[in-house]
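Asker: Next up is a structure, given as structure tokens.
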Amino acid sequence: MTQRHAEIVGAGFAGLTAACALARRGWSVRVHERAEALRTTGAGIYIYENGLRVLEAVGAYEAAVKGAPFAHTREIRDHRNRTVSTHKWQGSRVFSIVRQTVINALAESARKSGAEIVTDSAAVAASSAGEITLADGKRLKADLVIAADGTNSRLRDSLGLLDRRKPLVDGCTRLLIPKTEDERGQEGATTIEYWSGSRRVLYTPCSPTEVYIALTMLDADDTAKAVPVDKAAWKRWFPYLETLIDRLGDEGRYDRFEYVRLKRWSAGKVAVIGDAAHALPPNIGQGGGCAMMNALSLSVYLDQEKDVPKALEVWERQERPLTEHAQRISLVLGWPTTWPPFIRAKAFALAGRSKWLVRQRTKTALHKPTGT
């Protein structure tokens with residue numbers, strides 16, 4: 001049979017996973033990344049059982065998790081540094097990892113599988129017939145086009161697939177800081193979530209040498225979302241974290257959380273995956289997980305049905321419900337950001353004890369993805 005060819009736009013978690021999965025199934029694959037090098041926004045990431053199974057399936061697991069600590073415990077603390085609730089992750093895997101490490105692992109596996117990755121190559125539009133237009137005007141045809149170009153996806157918008165894009169009330173500044181000597185000696189990773197009003201400091205060891213820090217706040221809070229971080233202000237809000245805040249550098253990036261929903265995940269021979277299709281706030285740590293699951297499953301359905309538009313319809317019908325569940329739960333768990341601290345503390349304590357809510361929160365993380 002003639003080898004089928006895919007053009008993938010975007011070299012993030014979704015695009016690179018799709019490149020690995022398709023190349024390992026005999027496709028000719030080219031990935032376009034608009035930046036000059038493969039880089040990822042954000043600093044650290046939690047990858048749960050579902051995402052780890054995908055990494056195994058595409059040959060990137062060992063390199064991705066090397067040196068990453070098992071994120072076994074999450075504590076939530078109030079403005080007085082009192083523990084409000086503790087969540088133990090048991091029965092399956094979850095690691096906290098430097099995001100760039102995962103990107104590098106996926107890129108290495110994609111290249112080993114035969115995929116071509118082209119940097120400094122921006123695509124501006126796609127057609128349902130399976131053609132992309134690059135920024136320099138060049139047009140490339142393929143049996144399959146994958147739009148994995150993020151929340152601002154130009155390919156998605158050129159096809160008129162967007163149903164709803166909603167900026168949320170909060171956002172986050174993410175950073176990596178070097179570990180201290182004491183931190184280097186600790187095993188595993190206890191994530192600590194400190195709250196003060198509507199502001200939060202998330203502390204997570206994510207490698208043998210680095211700690212992932214996420215500062216979250218309301219988008220309207222200009223002082224809190226300033227980059228470089230306004231250390232004096234954060235120390236006023238979290239006086240017991242003064243030593244930690246002093247360790248923050250001038251780097252970091254603020255991003256407002258968003259919700260994206262599409263009318264359809266495909267148009268003809270074009271599939272949309274990752275944040276371009278289903279961006280969600282990071283409240284259950286499943287943005288990357290859903291992106292990788294849907295990228296892998298896409299290759300499975302294309303193996304089962306050679307007619308690309310038909311395969312994409314079946315893929316969406318089977319895979320979309322779980323992703324939308326993850327979006328709904330992530331949105332619900334973001335509500336406490338705007339609640340009074342006393343009510344929020346009660347809600348977190350209840351959430352930790354509710355077996356039903358725990359099942360809803362962990363459903364996606366514990367899912368066995370198609371193709372694994």
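So you can find residues: chains in the structure tokens are A, B, ... in the order shown, residues in each start at 1, and ligands are numbered from 1 in order.
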List the neighbours of Leu248 of chain A out to 12 Å using only C-alpha atoms; skip same-chain residues closer than 3 positions along the sequence, and give me the result as a PyMOL selection string.

Answerer: chain A and resi 173-179+201+203+210-215+227-232+234-235+241-245+251-252

Asker: Could you list, as a PDB file with N, CA and C atoms, in the first residue's frame, every residue within 7 Å of Ser158 of chain A, counting only C-alpha atoms and ignoring same-chain residues fewer than 3 positions away?

Answerer:
```pdb
ATOM      1  N   ALA A 125      -2.992  28.464   7.885  1.00  0.00           N
ATOM      2  CA  ALA A 125      -4.340  28.035   7.492  1.00  0.00           C
ATOM      3  C   ALA A 125      -4.305  26.582   7.055  1.00  0.00           C
ATOM      4  N   ALA A 126      -5.506  25.984   7.036  1.00  0.00           N
ATOM      5  CA  ALA A 126      -5.656  24.608   6.554  1.00  0.00           C
ATOM      6  C   ALA A 126      -6.957  24.505   5.781  1.00  0.00           C
ATOM      7  N   ARG A 154      -4.479  29.004  14.578  1.00  0.00           N
ATOM      8  CA  ARG A 154      -4.886  29.648  13.327  1.00  0.00           C
ATOM      9  C   ARG A 154      -5.507  28.636  12.379  1.00  0.00           C
ATOM     10  N   LEU A 155      -5.067  27.385  12.456  1.00  0.00           N
ATOM     11  CA  LEU A 155      -5.645  26.365  11.589  1.00  0.00           C
ATOM     12  C   LEU A 155      -7.094  26.095  11.972  1.00  0.00           C
TER      13      LEU A 155
END
```

Asker: Neighbours of Ser196 of chain A within 8 Å (only C-alpha atoms; same-chain residues fewer than 6 positions away dropped), as a PyMOL selection string?

Answerer: chain A and resi 78-79+237-238+341

Asker: Let me see the file: selected residues, N, CA and C atoms, as a short mmCIF file (atom, residue, chain, number, x, y, z; two decimals), in the first residue's frame.

Answerer:
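To be explicit, this is the file written out as out.cif:
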```
data_model
loop_
_atom_site.label_atom_id
_atom_site.label_comp_id
_atom_site.auth_asym_id
_atom_site.auth_seq_id
_atom_site.Cartn_x
_atom_site.Cartn_y
_atom_site.Cartn_z
N ASP A 78 -4.00 26.82 54.61
CA ASP A 78 -4.68 28.12 54.59
C ASP A 78 -3.71 29.26 54.82
N HIS A 79 -4.25 30.47 54.98
CA HIS A 79 -3.42 31.67 55.08
C HIS A 79 -2.57 31.70 56.35
N TRP A 237 1.62 38.67 51.49
CA TRP A 237 0.49 37.75 51.45
C TRP A 237 0.83 36.40 52.08
N PHE A 238 2.12 36.00 51.97
CA PHE A 238 2.57 34.71 52.50
C PHE A 238 3.83 34.92 53.34
N PRO A 341 -12.34 32.58 52.15
CA PRO A 341 -11.43 31.54 52.64
C PRO A 341 -12.10 30.49 53.54
#
```

Asker: Within 8 Å of segment 319-322 of chain A, which residues of segment 255-315 of chain A come that close, and what is the closest atom pair and distance in Å for each? Count only C-alpha atoms and give it as a Markdown table.

Answerer:
```
| residue | atom | partner | partner_atom | distance |
| --- | --- | --- | --- | --- |
| A:Asn294 | CA | A:Glu319 | CA | 6.9 |
| A:Ser297 | CA | A:Glu319 | CA | 7.8 |
| A:Trp315 | CA | A:Glu319 | CA | 5.9 |
```

Asker: Keeping N, CA and C atoms, export the residues of the selection given above as a PDB file, in the first residue's frame.

Answerer:
```
ATOM      1  N   ASN A 294      -5.693  11.805  23.244  1.00  0.00           N
ATOM      2  CA  ASN A 294      -6.420  12.000  21.988  1.00  0.00           C
ATOM      3  C   ASN A 294      -5.499  11.906  20.778  1.00  0.00           C
ATOM      4  N   SER A 297      -4.940   7.989  20.407  1.00  0.00           N
ATOM      5  CA  SER A 297      -6.144   7.302  19.944  1.00  0.00           C
ATOM      6  C   SER A 297      -6.454   7.643  18.488  1.00  0.00           C
ATOM      7  N   TRP A 315     -13.404   8.578  15.852  1.00  0.00           N
ATOM      8  CA  TRP A 315     -12.466   9.000  16.908  1.00  0.00           C
ATOM      9  C   TRP A 315     -13.110  10.022  17.843  1.00  0.00           C
TER      10      TRP A 315
END
```

Asker: Restricting the calculation to only C-alpha atoms, which member of A:Thr2, A:Gln186, A:Ser96, A:Asn152 is positioned closest to Val260 of chain A?

Answerer: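 Among the listed residues, the smallest separation from Val260 of chain A belongs to A:Asn152.
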
Asker: Show which residues sit within 8 Å of Asp275 of chain A, as a list in words. Count only C-alpha atoms, and ignore same-chain residues fewer than 6 positions away.

Answerer: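 The residues that qualify are Ala148, Asp149, Gly150, Thr151, Val260, Gly287 and Ala291 of chain A.
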
Asker: Per DSSP on the backbone, filter segment 89-173 of chain A down to the residues in helix (DSSP H, G or I) and report them as a list of chain:residue names.

Answerer: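 Those in segment 89-173 of chain A that DSSP calls helix (DSSP H, G or I) are A:Arg99, A:Gln100, A:Thr101, A:Val102, A:Ile103, A:Asn104, A:Ala105, A:Leu106, A:Ala107, A:Glu108, A:Ser109, A:Ala110, A:Arg111, A:Lys112, A:Arg154, A:Leu155, A:Arg156, A:Asp157, A:Ser158.
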
Asker: Could you dump the residues just selected with N, CA and C atoms as a compact mmCIF listing (two decimals), in the first residue's frame?

Answerer:
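Below you can see result_11.txt, which holds the result:
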```txt
# COMPACT_ATOMS: atom_id res chain seq x y z
N ARG A 99 8.54 20.11 32.33
CA ARG A 99 7.83 20.00 31.05
C ARG A 99 8.78 19.81 29.87
N GLN A 100 9.89 20.53 29.88
CA GLN A 100 10.83 20.43 28.77
C GLN A 100 11.40 19.02 28.63
N THR A 101 11.53 18.32 29.76
CA THR A 101 12.02 16.95 29.72
C THR A 101 11.07 16.06 28.93
N VAL A 102 9.77 16.26 29.12
CA VAL A 102 8.77 15.46 28.40
C VAL A 102 8.80 15.80 26.91
N ILE A 103 8.87 17.08 26.59
CA ILE A 103 8.94 17.50 25.19
C ILE A 103 10.16 16.88 24.51
N ASN A 104 11.30 16.92 25.19
CA ASN A 104 12.52 16.35 24.61
C ASN A 104 12.38 14.85 24.39
N ALA A 105 11.74 14.16 25.35
CA ALA A 105 11.56 12.71 25.23
C ALA A 105 10.65 12.37 24.06
N LEU A 106 9.56 13.12 23.91
CA LEU A 106 8.64 12.88 22.79
C LEU A 106 9.30 13.19 21.44
N ALA A 107 10.06 14.27 21.40
CA ALA A 107 10.74 14.63 20.15
C ALA A 107 11.76 13.57 19.75
N GLU A 108 12.51 13.07 20.73
CA GLU A 108 13.49 12.03 20.45
C GLU A 108 12.82 10.77 19.92
N SER A 109 11.70 10.38 20.55
CA SER A 109 11.00 9.18 20.11
C SER A 109 10.40 9.38 18.72
N ALA A 110 9.88 10.58 18.45
CA ALA A 110 9.31 10.86 17.13
C ALA A 110 10.37 10.74 16.05
N ARG A 111 11.53 11.32 16.29
CA ARG A 111 12.61 11.25 15.29
C ARG A 111 13.08 9.82 15.09
N LYS A 112 13.23 9.07 16.19
CA LYS A 112 13.65 7.67 16.07
C LYS A 112 12.64 6.85 15.29
N ARG A 154 -4.48 29.00 14.58
CA ARG A 154 -4.89 29.65 13.33
C ARG A 154 -5.51 28.64 12.38
N LEU A 155 -5.07 27.38 12.46
CA LEU A 155 -5.65 26.37 11.59
C LEU A 155 -7.09 26.09 11.97
N ARG A 156 -7.35 25.93 13.26
CA ARG A 156 -8.72 25.71 13.74
C ARG A 156 -9.63 26.84 13.30
N ASP A 157 -9.17 28.06 13.50
CA ASP A 157 -10.01 29.22 13.18
C ASP A 157 -10.22 29.37 11.67
N SER A 158 -9.23 28.95 10.87
CA SER A 158 -9.39 29.05 9.42
C SER A 158 -10.46 28.09 8.92
```

Asker: I'd like the contact shell of Asp221 of chain A - 10 Å cut-off, only C-alpha atoms, skipping same-chain residues fewer than 4 positions apart - returned as a PyMOL selection string.

Answerer: chain A and resi 170-171+198-199+217+225-226

Asker: Save the residues we just selected, N, CA and C atoms, as a compact mmCIF listing (two decimals), in the first residue's frame?

Answerer:
```txt
# COMPACT_ATOMS: atom_id res chain seq x y z
N ASP A 170 -9.12 33.42 36.41
CA ASP A 170 -7.82 33.31 37.06
C ASP A 170 -6.74 32.92 36.07
N GLY A 171 -5.50 32.98 36.56
CA GLY A 171 -4.35 32.63 35.74
C GLY A 171 -3.19 32.23 36.62
N SER A 198 -7.46 35.03 47.40
CA SER A 198 -7.63 34.41 46.10
C SER A 198 -6.29 34.03 45.46
N ARG A 199 -5.21 34.18 46.22
CA ARG A 199 -3.87 33.89 45.70
C ARG A 199 -3.38 32.56 46.24
N MET A 217 -3.61 33.38 40.69
CA MET A 217 -4.28 34.59 41.14
C MET A 217 -5.43 34.93 40.20
N LYS A 225 0.00 39.19 39.34
CA LYS A 225 0.39 38.54 38.09
C LYS A 225 1.58 39.23 37.40
N ALA A 226 2.17 40.20 38.06
CA ALA A 226 3.31 40.91 37.48
C ALA A 226 4.49 39.95 37.28
```

Asker: What are the DSSP strand (DSSP E or B) residues of segment 207-357 of chain A, as a JSON list (two decimals) with N, CA and C atoms, in the first residue's frame?

Answerer:
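Resulting contents of states_10.json:
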```
[["chain", "number", "residue", "atom", "x", "y", "z"],
["A", 210, "GLU", "N", 15.45, 20.50, 40.73],
["A", 210, "GLU", "CA", 14.56, 21.65, 40.56],
["A", 210, "GLU", "C", 13.22, 21.49, 41.28],
["A", 211, "VAL", "N", 12.65, 22.63, 41.64],
["A", 211, "VAL", "CA", 11.32, 22.70, 42.22],
["A", 211, "VAL", "C", 10.45, 23.54, 41.29],
["A", 212, "TYR", "N", 9.24, 23.06, 41.06],
["A", 212, "TYR", "CA", 8.26, 23.76, 40.24],
["A", 212, "TYR", "C", 7.41, 24.63, 41.15],
["A", 213, "ILE", "N", 7.36, 25.92, 40.86],
["A", 213, "ILE", "CA", 6.54, 26.87, 41.62],
["A", 213, "ILE", "C", 5.48, 27.45, 40.69],
["A", 214, "ALA", "N", 4.23, 27.38, 41.12],
["A", 214, "ALA", "CA", 3.14, 28.00, 40.37],
["A", 214, "ALA", "C", 2.44, 29.01, 41.28],
["A", 215, "LEU", "N", 2.35, 30.23, 40.83],
["A", 215, "LEU", "CA", 1.64, 31.28, 41.56],
["A", 215, "LEU", "C", 0.33, 31.54, 40.82],
["A", 216, "THR", "N", -0.80, 31.32, 41.47],
["A", 216, "THR", "CA", -2.08, 31.56, 40.82],
["A", 216, "THR", "C", -2.81, 32.72, 41.47],
["A", 217, "MET", "N", -3.61, 33.38, 40.69],
["A", 217, "MET", "CA", -4.28, 34.59, 41.14],
["A", 217, "MET", "C", -5.43, 34.93, 40.20],
["A", 218, "LEU", "N", -6.29, 35.85, 40.61],
["A", 218, "LEU", "CA", -7.32, 36.37, 39.71],
["A", 218, "LEU", "C", -6.65, 37.18, 38.61],
["A", 253, "ARG", "N", 6.47, 33.13, 33.45],
["A", 253, "ARG", "CA", 5.52, 33.60, 32.44],
["A", 253, "ARG", "C", 4.11, 33.50, 33.01],
["A", 254, "TYR", "N", 3.35, 34.56, 32.82],
["A", 254, "TYR", "CA", 1.96, 34.55, 33.26],
["A", 254, "TYR", "C", 1.06, 34.14, 32.10],
["A", 255, "ASP", "N", 0.10, 33.26, 32.39],
["A", 255, "ASP", "CA", -0.90, 32.86, 31.40],
["A", 255, "ASP", "C", -2.27, 32.84, 32.07],
["A", 256, "ARG", "N", -3.23, 33.42, 31.40],
["A", 256, "ARG", "CA", -4.61, 33.34, 31.87],
["A", 256, "ARG", "C", -5.20, 31.99, 31.47],
["A", 257, "PHE", "N", -5.95, 31.38, 32.37],
["A", 257, "PHE", "CA", -6.57, 30.10, 32.06],
["A", 257, "PHE", "C", -7.71, 30.31, 31.06],
["A", 258, "GLU", "N", -7.91, 29.30, 30.22],
["A", 258, "GLU", "CA", -8.95, 29.39, 29.19],
["A", 258, "GLU", "C", -9.71, 28.08, 29.07],
["A", 259, "TYR", "N", -10.90, 28.20, 28.52],
["A", 259, "TYR", "CA", -11.74, 27.05, 28.19],
["A", 259, "TYR", "C", -12.05, 27.14, 26.70],
["A", 260, "VAL", "N", -11.81, 26.04, 25.98],
["A", 260, "VAL", "CA", -12.08, 26.00, 24.54],
["A", 260, "VAL", "C", -12.97, 24.81, 24.23],
["A", 261, "ARG", "N", -14.00, 25.05, 23.45],
["A", 261, "ARG", "CA", -14.89, 23.99, 22.97],
["A", 261, "ARG", "C", -15.10, 24.19, 21.47],
["A", 262, "LEU", "N", -15.06, 23.08, 20.73],
["A", 262, "LEU", "CA", -15.24, 23.15, 19.29],
["A", 262, "LEU", "C", -16.60, 22.59, 18.87],
["A", 266, "SER", "N", -12.94, 17.88, 13.93],
["A", 266, "SER", "CA", -12.32, 17.66, 12.62],
["A", 266, "SER", "C", -13.14, 18.33, 11.53],
["A", 267, "ALA", "N", -12.47, 18.51, 10.40],
["A", 267, "ALA", "CA", -13.13, 19.01, 9.18],
["A", 267, "ALA", "C", -12.46, 18.31, 8.02],
["A", 270, "VAL", "N", -8.74, 17.14, 8.29],
["A", 270, "VAL", "CA", -8.03, 17.89, 9.33],
["A", 270, "VAL", "C", -8.57, 17.52, 10.70],
["A", 271, "ALA", "N", -7.69, 17.13, 11.61],
["A", 271, "ALA", "CA", -8.05, 16.86, 13.00],
["A", 271, "ALA", "C", -7.45, 17.93, 13.89],
["A", 272, "VAL", "N", -8.19, 18.34, 14.92],
["A", 272, "VAL", "CA", -7.70, 19.34, 15.87],
["A", 272, "VAL", "C", -7.52, 18.65, 17.22]]
```

Asker: Compile the contact shell of Glu75 of chain A as an mmCIF file with N, CA and C atoms, in the first residue's frame: residues with an atom at most 7 Å away, counting only C-alpha atoms, same-chain residues fewer than 6 positions apart removed.

Answerer:
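Printed below is selection-v2.cif as written:
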```
data_model
loop_
_atom_site.group_PDB
_atom_site.id
_atom_site.type_symbol
_atom_site.label_atom_id
_atom_site.label_comp_id
_atom_site.auth_asym_id
_atom_site.auth_seq_id
_atom_site.Cartn_x
_atom_site.Cartn_y
_atom_site.Cartn_z
ATOM 1 N N THR A 83 -2.824 23.070 57.814
ATOM 2 C CA THR A 83 -3.244 22.077 56.824
ATOM 3 C C THR A 83 -4.761 21.922 56.843
ATOM 4 N N SER A 85 -6.468 20.093 54.220
ATOM 5 C CA SER A 85 -6.753 18.735 53.763
ATOM 6 C C SER A 85 -5.477 18.126 53.189
ATOM 7 N N THR A 86 -5.451 16.802 53.177
ATOM 8 C CA THR A 86 -4.325 16.055 52.616
ATOM 9 C C THR A 86 -4.882 14.987 51.685
ATOM 10 N N HIS A 87 -4.316 14.900 50.490
ATOM 11 C CA HIS A 87 -4.761 13.932 49.496
ATOM 12 C C HIS A 87 -3.597 13.001 49.174
ATOM 13 N N THR A 191 3.464 17.779 47.221
ATOM 14 C CA THR A 191 2.993 19.057 46.693
ATOM 15 C C THR A 191 2.260 19.794 47.804
ATOM 16 N N ILE A 192 2.603 21.058 47.982
ATOM 17 C CA ILE A 192 1.935 21.865 48.996
ATOM 18 C C ILE A 192 1.280 23.059 48.310
ATOM 19 N N GLU A 193 -0.003 23.223 48.578
ATOM 20 C CA GLU A 193 -0.814 24.275 47.977
ATOM 21 C C GLU A 193 -1.182 25.267 49.072
#
```

Asker: Find, counting only C-alpha atoms, the residue in A:Arg317, A:Arg82, A:Arg34, A:Arg328 that gets nearest to Pro282 of chain A.

Answerer: A:Arg328
